[in-house]
Each structure stands twice: as structure tokens, then as C-alpha cells.
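Encoded as C-alpha cells, the structure appears first; notes follow it.
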Amino acid sequence: MLEHSHQRTGERPPVDVNALCEEYLRLAYQGLRAKDKTFNAALETDFAPALPPVEAAGADLGRLLLNLFGNAFYAVQKRQQTGELGYAPTVRMTMQQAGGQVEIRVADNGTGIPAAVREKIFQPFFTTKPTGEGTGLGLSLSHDIIAQGHGGSLAVESREGAGTTFSVALPLNGAAYQRAS
């Protein structure tokens, strides 16, 4: 709750988004493996090597990435626990520069998000996780970090039982930032 009311400083130093994504992908994966030593997933990445540094709040972007990757690993772990024959948990992160934006996509082949709740997932305190496993603030904060803090967007595509893809569009320069106050 404090994050929703937290006032940002407005500082936007240049950030290597490729390195940030790689760091937080590994951090989220190792975090889940520390809790469940039996969990394994394929990690697929497609970085944008020519991407210039992006003016951004690195700590805020890190929070967003940790949340998206954490949710992806949670979804593939839950699907793996069903014992589905031949299932191979996979989390994929792709990045590309498109016009004046960098697009980051975090995809999983996990449980997917039911259509009936998909439009609610960015609302504060809404969670699809069982009691005690989620606060319902992660995606809400992630949306605020991108939309209000960086002038970008966060979207979701999902098929129940097949997986989910979150797409982040982040402006390449700081001119588009909207300061949250």
C-alpha cells in the first residue's frame, strides 16, 4: 500500500534495460528455486543488443520486472504441479526497439488467466492467487510504475491453460515521463 502512495523523486538516470532484465529474470528464478529446490524451468531470452540506455527509474523498473517474472514462474510452477504429461515449464523474455519505445514481453506457458478476471488484474488488492500467496498489489504497482511513472503502458494477453504474455512499452527518452505525485 505504501508503494501506491510513494512519491517518486523524478530522477531518471540512463539504464541498460538489457542488463536490468537479465538480472531480474535470474533473481526471480533463483528466488523461486530457493523456496522449491525441485522446480526447474527453461529460460529463453531475446535481448535488443543495439538498444541505447533508457532514461528510467531503475529501481522501479526492477520492481516491475521482478513482479512480472515472479508471476510467470508462479504460473509455470502451478501448471507443472498438475502432473501434465510432457509439460516443460518455460518463461520467455523478449525485447525490441520499436520507434521511440522499447518493448519488453514476458511470456510463460503456465496456467493462464481466466477471461472472467483478466480485466481486473491491474486493480489494487485483486489477486488470482490463493489466500496468503498474493497481496493483489504487484500488477497494480507494475501498471502504475509504467503508466504514471514512465509514460508507458502495460498490457496482458492470456489463454487459460496455455499461458500469459505481459507487454511493457517504455519510452526511450525521458520527455514522455509523467510525474506521479
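Following the order of the C-alpha cells, first chain is A, next is B, and so on, with residues numbered from 1 inside each chain and ligands from 1 in the order they appear.
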Problem - Nearby residues (only C-alpha atoms) at most 6 Å from A:Ser153, same-chain spacing under 2 positions excluded, as a ChimeraX atom specification - result: /A:146-147,168-169
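For A:Thr164, the list of residues within 9 Å, based on only C-alpha atoms and with local chain neighbours fewer than 2 positions off taken out, reads A:Ala72, A:Ala75, A:Val106, A:Ala107, A:Asp108, A:Asn109, A:Gly110, A:Thr111, A:Gly112, A:Ile113, A:Val156, A:Glu157, A:Ser158, A:Arg159, A:Glu160, A:Ala162, A:Phe166.
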Go ahead and save the picked residues with C-alpha atoms, as a PDB file, in the first residue's frame.
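Result went into part_6.pdb, see below:
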```
ATOM      1  CA  ALA A  72       5.412 -16.094 -14.740  1.00  0.00           C
ATOM      2  CA  ALA A  75       2.175 -19.825 -13.222  1.00  0.00           C
ATOM      3  CA  VAL A 106       7.378 -11.590 -20.565  1.00  0.00           C
ATOM      4  CA  ALA A 107       5.649 -14.796 -21.653  1.00  0.00           C
ATOM      5  CA  ASP A 108       5.014 -18.091 -19.920  1.00  0.00           C
ATOM      6  CA  ASN A 109       3.356 -21.353 -20.834  1.00  0.00           C
ATOM      7  CA  GLY A 110       1.730 -21.638 -17.423  1.00  0.00           C
ATOM      8  CA  THR A 111      -1.848 -21.780 -16.214  1.00  0.00           C
ATOM      9  CA  GLY A 112      -3.086 -18.640 -17.970  1.00  0.00           C
ATOM     10  CA  ILE A 113      -5.520 -16.094 -16.554  1.00  0.00           C
ATOM     11  CA  VAL A 156      -1.769  -8.600 -20.972  1.00  0.00           C
ATOM     12  CA  GLU A 157      -2.766 -11.417 -23.329  1.00  0.00           C
ATOM     13  CA  SER A 158      -3.677 -14.797 -21.911  1.00  0.00           C
ATOM     14  CA  ARG A 159      -5.293 -18.112 -22.718  1.00  0.00           C
ATOM     15  CA  GLU A 160      -6.442 -20.182 -19.798  1.00  0.00           C
ATOM     16  CA  ALA A 162      -1.945 -22.173 -22.260  1.00  0.00           C
ATOM     17  CA  PHE A 166       2.689  -9.259 -20.442  1.00  0.00           C
TER      18      PHE A 166
END
```
Who sits within 7 Å of stretch 93-103 of chain A, only C-alpha atoms, same chain under 6 positions skipped, as a PyMOL selection string: chain A and resi 44-48+51+167-172
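Using only C-alpha atoms, the shortest contact distance between A:Leu20 and any of A:Val91, A:Thr38, A:Gly161, A:Leu64 is found at A:Leu64.
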* Backbone DSSP call of helix (DSSP H, G or I) for chain A, listed as a PyMOL selection string -> chain A and resi 2-5+17-35+58-80+115-118+138-150+174-176
